[in-house]
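Q: Following this line is model_12.csv, made up of CSV, C-alpha atoms:
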chain,number,residue,atom,x,y,z
A,1,MET,CA,-5.0,-28.5,24.2
A,2,LYS,CA,-7.1,-25.4,24.3
A,3,MET,CA,-5.9,-22.2,22.7
A,4,THR,CA,-7.3,-19.0,21.1
A,5,VAL,CA,-6.5,-18.8,17.4
A,6,ASN,CA,-7.5,-15.6,15.5
A,7,GLY,CA,-10.0,-14.8,18.3
A,8,ARG,CA,-11.6,-18.2,18.3
A,9,GLU,CA,-11.3,-20.7,21.1
A,10,VAL,CA,-10.1,-24.0,19.6
A,11,ASP,CA,-9.3,-27.4,21.1
A,12,VAL,CA,-6.5,-29.0,19.1
A,13,PRO,CA,-5.4,-32.7,19.3
A,14,GLU,CA,-2.5,-33.6,21.7
A,15,ASN,CA,-0.2,-34.2,18.7
A,16,VAL,CA,-0.3,-30.5,17.9
A,17,ARG,CA,2.7,-29.3,19.9
A,18,THR,CA,4.5,-26.7,17.8
A,19,VAL,CA,3.7,-23.8,15.4
A,20,ARG,CA,4.4,-26.1,12.5
A,21,ASP,CA,1.9,-28.7,13.8
A,22,LEU,CA,-0.7,-26.0,14.3
A,23,LEU,CA,-0.3,-24.6,10.7
A,24,ASP,CA,-0.5,-28.2,9.4
A,25,HIS,CA,-3.5,-28.9,11.6
A,26,PHE,CA,-5.4,-26.1,10.0
A,27,ASN,CA,-3.9,-26.8,6.6
A,28,LEU,CA,-2.6,-23.2,6.3
A,29,ASN,CA,0.0,-22.1,3.7
A,30,LYS,CA,3.2,-21.8,5.7
A,31,ASP,CA,4.8,-19.5,3.1
A,32,LEU,CA,2.0,-17.0,3.6
A,33,ALA,CA,1.3,-17.3,7.3
A,34,ILE,CA,2.7,-14.8,9.7
A,35,VAL,CA,2.4,-15.9,13.3
A,36,GLU,CA,2.1,-14.0,16.6
A,37,LEU,CA,2.2,-15.9,19.8
A,38,ASN,CA,1.0,-14.2,23.0
A,39,GLN,CA,1.5,-10.8,21.4
A,40,SER,CA,5.0,-11.6,20.3
A,41,ILE,CA,5.6,-11.9,16.6
A,42,LEU,CA,7.6,-15.0,15.7
A,43,ASP,CA,10.6,-15.0,13.3
A,44,LYS,CA,9.5,-16.8,10.2
A,45,THR,CA,12.8,-18.7,9.9
A,46,THR,CA,12.8,-20.1,13.4
A,47,ARG,CA,9.2,-20.3,14.4
A,48,ASP,CA,8.3,-23.8,13.2
A,49,ASP,CA,9.7,-25.5,16.2
A,50,GLN,CA,8.2,-23.0,18.7
A,51,LYS,CA,6.4,-25.0,21.4
A,52,LEU,CA,2.8,-24.3,22.1
A,53,THR,CA,1.2,-24.6,25.5
A,54,ASN,CA,-2.3,-24.7,26.9
A,55,GLY,CA,-4.0,-21.3,26.9
A,56,ASP,CA,-1.8,-19.7,24.2
A,57,ARG,CA,-3.2,-16.8,22.2
A,58,ILE,CA,-2.2,-17.0,18.6
A,59,GLU,CA,-2.8,-14.8,15.6
A,60,ILE,CA,-2.1,-16.1,12.1
A,61,VAL,CA,-2.3,-13.4,9.5
A,62,GLN,CA,-1.4,-13.0,5.8
A,63,PHE,CA,-1.2,-10.4,3.1
A,64,VAL,CA,-4.5,-9.9,1.3
A,65,GLY,CA,-5.7,-7.5,-1.4
A,66,GLY,CA,-5.7,-3.9,-0.3
A,67,GLY,CA,-4.9,-0.4,-1.5
B,1,MET,CA,13.5,6.8,-12.0
B,2,LEU,CA,11.6,6.8,-8.8
B,3,LYS,CA,13.8,6.4,-5.7
B,4,ILE,CA,12.3,5.5,-2.3
B,5,GLY,CA,14.8,5.0,0.4
B,6,PRO,CA,17.3,2.4,-0.9
B,7,TYR,CA,15.0,1.3,-3.8
B,8,SER,CA,14.7,2.4,-7.4
B,9,PHE,CA,11.9,1.9,-9.8
B,10,GLU,CA,11.3,2.5,-13.5
B,11,SER,CA,7.6,2.8,-13.1
B,12,ARG,CA,6.0,5.6,-11.2
B,13,LEU,CA,2.6,3.9,-10.9
B,14,LEU,CA,1.9,2.0,-7.7
B,15,LEU,CA,-1.1,-0.3,-7.8
B,16,GLY,CA,-3.3,-1.5,-5.0
B,17,THR,CA,-4.6,-5.1,-5.0
B,18,GLY,CA,-8.0,-4.8,-3.5
B,19,LYS,CA,-11.5,-5.4,-4.9
B,20,PHE,CA,-10.6,-6.9,-8.3
B,21,PRO,CA,-13.4,-9.1,-9.8
B,22,ASP,CA,-11.1,-12.1,-9.9
B,23,PHE,CA,-7.4,-13.1,-9.8
B,24,ASP,CA,-7.1,-13.6,-13.5
B,25,VAL,CA,-8.3,-10.1,-14.3
B,26,GLN,CA,-6.1,-8.8,-11.5
B,27,LYS,CA,-3.0,-10.5,-12.7
B,28,ALA,CA,-3.6,-9.2,-16.2
B,29,ALA,CA,-4.2,-5.7,-14.9
B,30,VAL,CA,-1.0,-5.8,-12.9
B,31,GLU,CA,0.9,-6.8,-15.9
B,32,ALA,CA,-0.8,-4.2,-18.1
B,33,SER,CA,0.0,-1.5,-15.6
B,34,GLN,CA,3.7,-2.4,-15.6
B,35,THR,CA,3.8,-1.4,-12.0
B,36,GLU,CA,6.7,-2.6,-9.8
B,37,ILE,CA,5.1,-1.8,-6.5
B,38,LEU,CA,1.9,-3.6,-5.2
B,39,THR,CA,0.2,-2.7,-2.0
B,40,PHE,CA,-1.4,-5.2,0.3
B,41,ALA,CA,-3.4,-5.3,3.6
B,42,VAL,CA,-2.6,-7.6,6.5
B,43,ARG,CA,-5.5,-9.7,7.7
B,44,ARG,CA,-6.2,-12.8,9.7
B,45,MET,CA,-6.1,-16.1,7.9
B,46,ASN,CA,-9.4,-18.0,7.9
B,47,ILE,CA,-8.4,-21.1,9.9
B,48,PHE,CA,-11.7,-22.9,9.1
B,49,GLU,CA,-11.5,-22.2,5.3
B,50,PRO,CA,-7.8,-22.6,4.6
B,51,ASN,CA,-7.9,-23.3,1.0
B,52,GLN,CA,-9.0,-19.9,-0.3
B,53,PRO,CA,-6.6,-18.7,-2.9
B,54,ASN,CA,-4.3,-15.8,-2.3
B,55,PHE,CA,-3.2,-13.4,-4.9
B,56,LEU,CA,0.5,-13.7,-3.9
B,57,GLU,CA,0.3,-17.3,-5.1
B,58,LYS,CA,-0.9,-16.2,-8.5
B,59,ILE,CA,1.9,-13.8,-9.3
B,60,GLU,CA,5.6,-14.0,-9.4
B,61,ALA,CA,5.9,-12.1,-6.1
B,62,LYS,CA,9.6,-11.7,-6.4
B,63,LYS,CA,9.1,-9.5,-9.5
B,64,TYR,CA,7.4,-6.9,-7.3
B,65,THR,CA,8.2,-4.7,-4.3
B,66,LEU,CA,5.5,-5.3,-1.8
B,67,LEU,CA,4.1,-2.3,0.0
B,68,PRO,CA,1.8,-3.5,2.9
B,69,ASN,CA,-0.4,-1.0,4.5
B,70,THR,CA,-1.6,-0.6,8.1
B,71,ALA,CA,-5.2,-0.3,7.1
B,72,GLY,CA,-7.5,-1.1,9.9
B,73,ALA,CA,-5.4,0.7,12.4
B,74,LYS,CA,-7.0,3.6,14.3
B,75,THR,CA,-4.0,4.4,16.5
B,76,ALA,CA,-0.3,4.6,16.1
B,77,GLU,CA,0.2,1.5,18.3
B,78,GLU,CA,-2.1,-0.6,16.1
B,79,ALA,CA,-0.3,0.6,13.0
B,80,VAL,CA,3.0,-0.4,14.4
B,81,ARG,CA,1.7,-3.8,15.3
B,82,ILE,CA,0.4,-4.4,11.8
B,83,ALA,CA,3.7,-3.1,10.3
B,84,ARG,CA,5.7,-5.5,12.4
B,85,LEU,CA,3.5,-8.4,11.3
B,86,ALA,CA,4.0,-7.3,7.7
B,87,LYS,CA,7.7,-7.2,8.1
B,88,ALA,CA,7.7,-10.6,9.7
B,89,SER,CA,6.5,-12.0,6.4
B,90,GLY,CA,10.1,-11.6,5.3
B,91,LEU,CA,8.8,-10.2,2.1
B,92,CYS,CA,9.4,-6.4,2.6
B,93,ASP,CA,10.6,-3.6,4.8
B,94,MET,CA,8.5,-0.8,3.3
B,95,ILE,CA,5.2,0.2,5.0
B,96,LYS,CA,2.4,2.4,4.0
B,97,VAL,CA,1.3,4.0,7.2
B,98,GLU,CA,-2.5,4.3,7.0
B,99,VAL,CA,-4.3,5.3,10.2
B,100,ILE,CA,-7.9,6.2,9.4
B,101,GLY,CA,-9.5,8.7,11.7
B,102,CYS,CA,-13.1,8.8,10.3
B,103,ASP,CA,-15.2,6.0,9.0
B,104,LYS,CA,-17.3,8.2,6.7
B,105,THR,CA,-14.5,10.0,4.9
B,106,LEU,CA,-11.7,7.5,5.6
B,107,LEU,CA,-9.4,10.5,6.1
B,108,PRO,CA,-6.2,9.8,7.9
B,109,ASP,CA,-5.8,10.8,11.5
B,110,PRO,CA,-2.9,13.3,11.3
B,111,VAL,CA,-1.7,12.9,14.9
B,112,GLU,CA,-1.7,9.1,14.9
B,113,THR,CA,-0.2,9.1,11.4
B,114,LEU,CA,2.7,11.3,12.6
B,115,ARG,CA,3.2,9.2,15.8
B,116,ALA,CA,3.1,5.9,13.9
B,117,SER,CA,5.6,7.2,11.3
B,118,GLU,CA,8.0,8.3,14.0
B,119,MET,CA,7.8,4.9,15.8
B,120,LEU,CA,8.3,3.0,12.6
B,121,LEU,CA,11.2,5.1,11.5
B,122,GLU,CA,12.9,4.3,14.8
B,123,GLU,CA,12.4,0.6,14.1
B,124,GLY,CA,14.1,0.9,10.7
B,125,PHE,CA,11.2,0.7,8.4
B,126,ILE,CA,11.0,2.4,5.0
B,127,VAL,CA,8.0,4.6,5.8
B,128,LEU,CA,5.5,6.0,3.4
B,129,PRO,CA,2.7,7.7,5.2
B,130,TYR,CA,-0.7,8.1,3.6
B,131,THR,CA,-1.7,11.6,4.6
B,132,SER,CA,-4.2,14.3,3.8
B,133,ASP,CA,-3.2,17.1,1.5
B,134,ASP,CA,-2.2,19.3,4.5
B,135,VAL,CA,1.0,21.1,3.5
B,136,LEU,CA,2.4,21.5,7.0
B,137,LEU,CA,1.7,18.0,8.0
B,138,ALA,CA,3.5,16.8,4.9
B,139,LYS,CA,6.5,18.9,6.0
B,140,ARG,CA,6.4,17.5,9.5
B,141,LEU,CA,6.3,13.9,8.1
B,142,GLU,CA,9.3,14.7,5.9
B,143,ASP,CA,11.2,16.3,8.8
B,144,LEU,CA,10.7,13.1,10.8
B,145,GLY,CA,12.6,11.2,8.1
B,146,CYS,CA,9.8,9.6,6.1
B,147,HIS,CA,11.1,8.2,2.8
B,148,ALA,CA,8.1,9.4,0.8
B,149,ILE,CA,5.0,11.4,1.4
B,150,MET,CA,1.7,10.2,0.1
B,151,PRO,CA,-1.0,12.9,0.1
B,152,GLY,CA,-4.5,11.9,-0.9
B,153,ALA,CA,-6.0,13.5,-4.1
B,154,SER,CA,-9.5,13.0,-2.5
B,155,PRO,CA,-11.0,10.5,-0.1
B,156,ILE,CA,-10.3,6.8,-0.7
B,157,GLY,CA,-12.3,5.2,-3.4
B,158,THR,CA,-14.2,8.3,-4.4
B,159,GLY,CA,-12.6,8.8,-7.8
B,160,LEU,CA,-13.1,12.6,-7.4
B,161,GLY,CA,-9.6,13.3,-8.6
B,162,ILE,CA,-7.4,16.1,-7.2
B,163,VAL,CA,-9.8,18.3,-5.2
B,164,ASN,CA,-7.0,20.7,-4.0
B,165,PRO,CA,-4.3,20.9,-6.7
B,166,LEU,CA,-2.9,24.0,-5.0
B,167,ASN,CA,-2.1,22.0,-1.8
B,168,ILE,CA,-0.6,19.1,-3.8
B,169,HIS,CA,1.5,21.7,-5.7
B,170,TYR,CA,2.7,23.2,-2.4
B,171,ILE,CA,3.5,19.8,-1.0
B,172,ILE,CA,5.5,18.8,-4.1
B,173,GLU,CA,7.3,22.2,-4.2
B,174,GLN,CA,8.5,21.9,-0.6
B,175,ALA,CA,9.4,18.2,-0.6
B,176,ASN,CA,12.9,16.8,-0.7
B,177,VAL,CA,11.6,13.2,-0.7
B,178,PRO,CA,9.3,11.6,-3.3
B,179,VAL,CA,5.6,12.7,-3.3
B,180,ILE,CA,3.2,10.0,-4.3
B,181,VAL,CA,-0.4,11.1,-4.9
B,182,ASP,CA,-2.4,8.4,-3.2
B,183,ALA,CA,-6.2,7.8,-3.1
B,184,GLY,CA,-9.1,9.4,-4.9
B,185,ILE,CA,-7.8,9.1,-8.5
B,186,GLY,CA,-10.7,8.3,-10.8
B,187,THR,CA,-9.5,8.6,-14.3
B,188,PRO,CA,-6.3,8.6,-16.4
B,189,SER,CA,-6.5,12.4,-16.6
B,190,ASP,CA,-6.5,12.6,-12.8
B,191,ALA,CA,-3.3,10.5,-12.7
B,192,ALA,CA,-1.7,12.6,-15.5
B,193,LYS,CA,-2.7,15.8,-13.7
B,194,ALA,CA,-0.9,14.6,-10.5
B,195,MET,CA,2.2,13.8,-12.6
B,196,GLU,CA,2.0,17.2,-14.4
B,197,LEU,CA,1.9,18.9,-11.0
B,198,GLY,CA,5.3,17.2,-10.4
B,199,ALA,CA,4.3,14.2,-8.3
B,200,ASP,CA,7.0,11.5,-8.3
B,201,GLY,CA,4.4,8.8,-8.5
B,202,VAL,CA,0.7,7.9,-8.2
B,203,LEU,CA,-0.8,5.1,-6.1
B,204,LEU,CA,-4.3,4.0,-7.1
B,205,ASN,CA,-6.5,0.9,-6.7
B,206,THR,CA,-10.3,1.4,-7.2
B,207,ALA,CA,-9.8,3.4,-10.4
B,208,VAL,CA,-8.5,0.2,-12.0
B,209,SER,CA,-10.1,-2.6,-10.0
B,210,GLY,CA,-13.6,-0.9,-10.2
B,211,ALA,CA,-13.4,0.0,-13.9
B,212,GLN,CA,-15.6,-1.8,-16.3
B,213,ASN,CA,-12.5,-3.2,-18.0
B,214,PRO,CA,-9.8,-3.2,-15.3
B,215,VAL,CA,-7.0,-4.5,-17.6
B,216,GLN,CA,-7.6,-1.7,-20.2
B,217,MET,CA,-7.8,0.9,-17.4
B,218,ALA,CA,-4.5,-0.4,-16.0
B,219,GLU,CA,-2.9,0.2,-19.3
B,220,ALA,CA,-4.5,3.6,-19.6
B,221,MET,CA,-3.1,4.5,-16.2
B,222,LYS,CA,0.3,3.4,-17.3
B,223,TYR,CA,0.2,5.8,-20.3
B,224,ALA,CA,-1.3,8.6,-18.2
B,225,VAL,CA,1.5,8.5,-15.7
B,226,LEU,CA,4.1,8.3,-18.4
B,227,ALA,CA,2.5,11.2,-20.3
B,228,GLY,CA,2.0,13.3,-17.2
B,229,ARG,CA,5.6,12.9,-16.1
B,230,SER,CA,6.9,13.6,-19.5
B,231,GLY,CA,4.8,16.7,-19.7
B,232,PHE,CA,6.1,17.9,-16.3
B,233,GLU,CA,9.7,17.3,-17.4
B,234,ALA,CA,9.2,19.0,-20.7
B,235,GLY,CA,7.9,22.2,-18.9
B,236,ARG,CA,4.5,23.6,-19.8
B,237,ILE,CA,3.9,27.0,-21.4
B,238,PRO,CA,2.8,29.8,-19.1
B,239,LYS,CA,-0.9,30.4,-18.9
B,240,LYS,CA,-2.0,33.7,-20.6
B,241,LEU,CA,-5.2,35.6,-20.4
B,242,HIS,CA,-5.4,36.5,-24.1
B,243,ALA,CA,-4.8,34.7,-27.4
B,244,ASN,CA,-1.5,34.4,-29.1
B,245,ALA,CA,-1.6,33.1,-32.7
B,246,SER,CA,0.4,30.1,-33.6
B,247,SER,CA,0.3,30.9,-37.3
B,248,PRO,CA,2.5,33.8,-38.6
B,249,LEU,CA,0.9,37.2,-39.0
B,250,GLU,CA,3.2,38.2,-41.9
B,251,GLY,CA,2.8,37.2,-45.6
B,252,MET,CA,-1.0,37.0,-45.6
B,253,SER,CA,-1.1,38.0,-49.3
B,254,VAL,CA,-4.3,36.1,-50.0
B,255,LEU,CA,-6.2,38.8,-48.0
What do you get writing this file as structure tokens?

A:
Amino acid sequence: MKMTVNGREVDVPENVRTVRDLLDHFNLNKDLAIVELNQSILDKTTRDDQKLTNGDRIEIVQFVGGG
Amino acid sequence: MLKIGPYSFESRLLLGTGKFPDFDVQKAAVEASQTEILTFAVRRMNIFEPNQPNFLEKIEAKKYTLLPNTAGAKTAEEAVRIARLAKASGLCDMIKVEVIGCDKTLLPDPVETLRASEMLLEEGFIVLPYTSDDVLLAKRLEDLGCHAIMPGASPIGTGLGIVNPLNIHYIIEQANVPVIVDAGIGTPSDAAKAMELGADGVLLNTAVSGAQNPVQMAEAMKYAVLAGRSGFEAGRIPKKLHANASSPLEGMSVL
């Protein structure tokens, strides 16, 4: 399945079907990750089972050091 | 006690988390500062290098109130998007509105800052706008309902201290919400000066993270803010043009 994650086009395996799968696929810290799917910010408490589809645009952000 | 919206804090020092030499020094500096509020930026995760450590994992995040900023935004709409992402972390509902209008001076865009603040207030955020030291703009931000006003002492990261203390004084004098002097602080005396002027708090980052000894500077800033505040509350003497002896003029029999 092809999607755009953080501005990069990526091709993920077929077993990546949900937001949880995607975060696991990239080995990202789920506590820190904030996910936006097709410009809609996902609720952290309910997002894990959100289905992904071909062509989705996803942003995964986190808090980093800043003033 | 510093009160911002529904929150109360013992410490009047807010600390940024950028540009520290490493996480161990940063953690020690945060502890030495005794701050209760830490600022953060919101940025993309690196999906191809996932195992880079994050400062939030190094500290007991629950001990602190997190104040994410909208740094990177150049328009109100971009600031609102970053603020919404920050809130979706589930870690905070305060936002430092930071809409930079000039890459060279990093001065905030007043129109976009005002617009972003208005939009975020409507969405229920606790809004703390980083603003210039413009007195009327500070008033307009307060009139919108902002929970604190954060005028810059001087441009971000310059360490020039308070370049226009008169404006900071006017902003503090007119405000009915907390005024937190943000950006440009270079030394403990700058922080103390801000507090002596009557600021409710000071937000700084580079002054500590860029110091030769960040941990020691963090502690110095803690004392500076405490001393400045205490001096403000104690009430300074009026300035006079001519001398006025401290020692008594009577009983000088030795002469």

Q: Using only C-alpha atoms, determine which residues lie at most 6 Å from Met150 of chain B, disregarding the query and same-chain residues fewer than 4 positions distant; provide the list as a list in words.

A: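 Within the cut-off, the hits are Pro129, Tyr130, Thr131, Val179, Ile180, Val181 and Asp182 of chain B.
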
Q: Would you give me, as a ChimeraX atom specification, the residues of chain A that come within 10 Å of chain B, using all atoms listed in the file?

A: /A:5-8,23,25-29,31-36,39-45,59-67

Q: Show me, as a list in words, the residues that have an atom within 9 Å of Met3 of chain A when counting only C-alpha atoms, minus same-chain residues fewer than 4 positions from it.

A: Arg8, Glu9, Val10, Asp11, Val12, Leu52, Thr53, Asn54, Gly55, Asp56, Arg57 and Ile58 of chain A

Q: Interatomic distance between atom CA of Glu118 of chain B and atom CA of Thr105 of chain B?

A: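 Here the two named atoms are 24.3 Å from each other.
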
Q: Would you compute the distance between atom CA of Pro151 of chain B and atom CA of Arg236 of chain B? Give it in Å to one decimal.

A: 23.3 Å

Q: Of the candidates A:Lys30, A:Met1, A:Leu37, A:Arg47, which shows the shortest atom-to-atom distance to Val16 of chain A, using all atoms listed in the file?

A: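 With all atoms listed in the file as the atom set, the closest residue is A:Met1.
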
Q: At what distance in Å, to one decimal, does atom CA of Leu226 of chain B lie from atom CA of Lys139 of chain B?

A: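 Separation between atom CA of Lys139 of chain B and atom CA of Leu226 of chain B: 26.7 Å.
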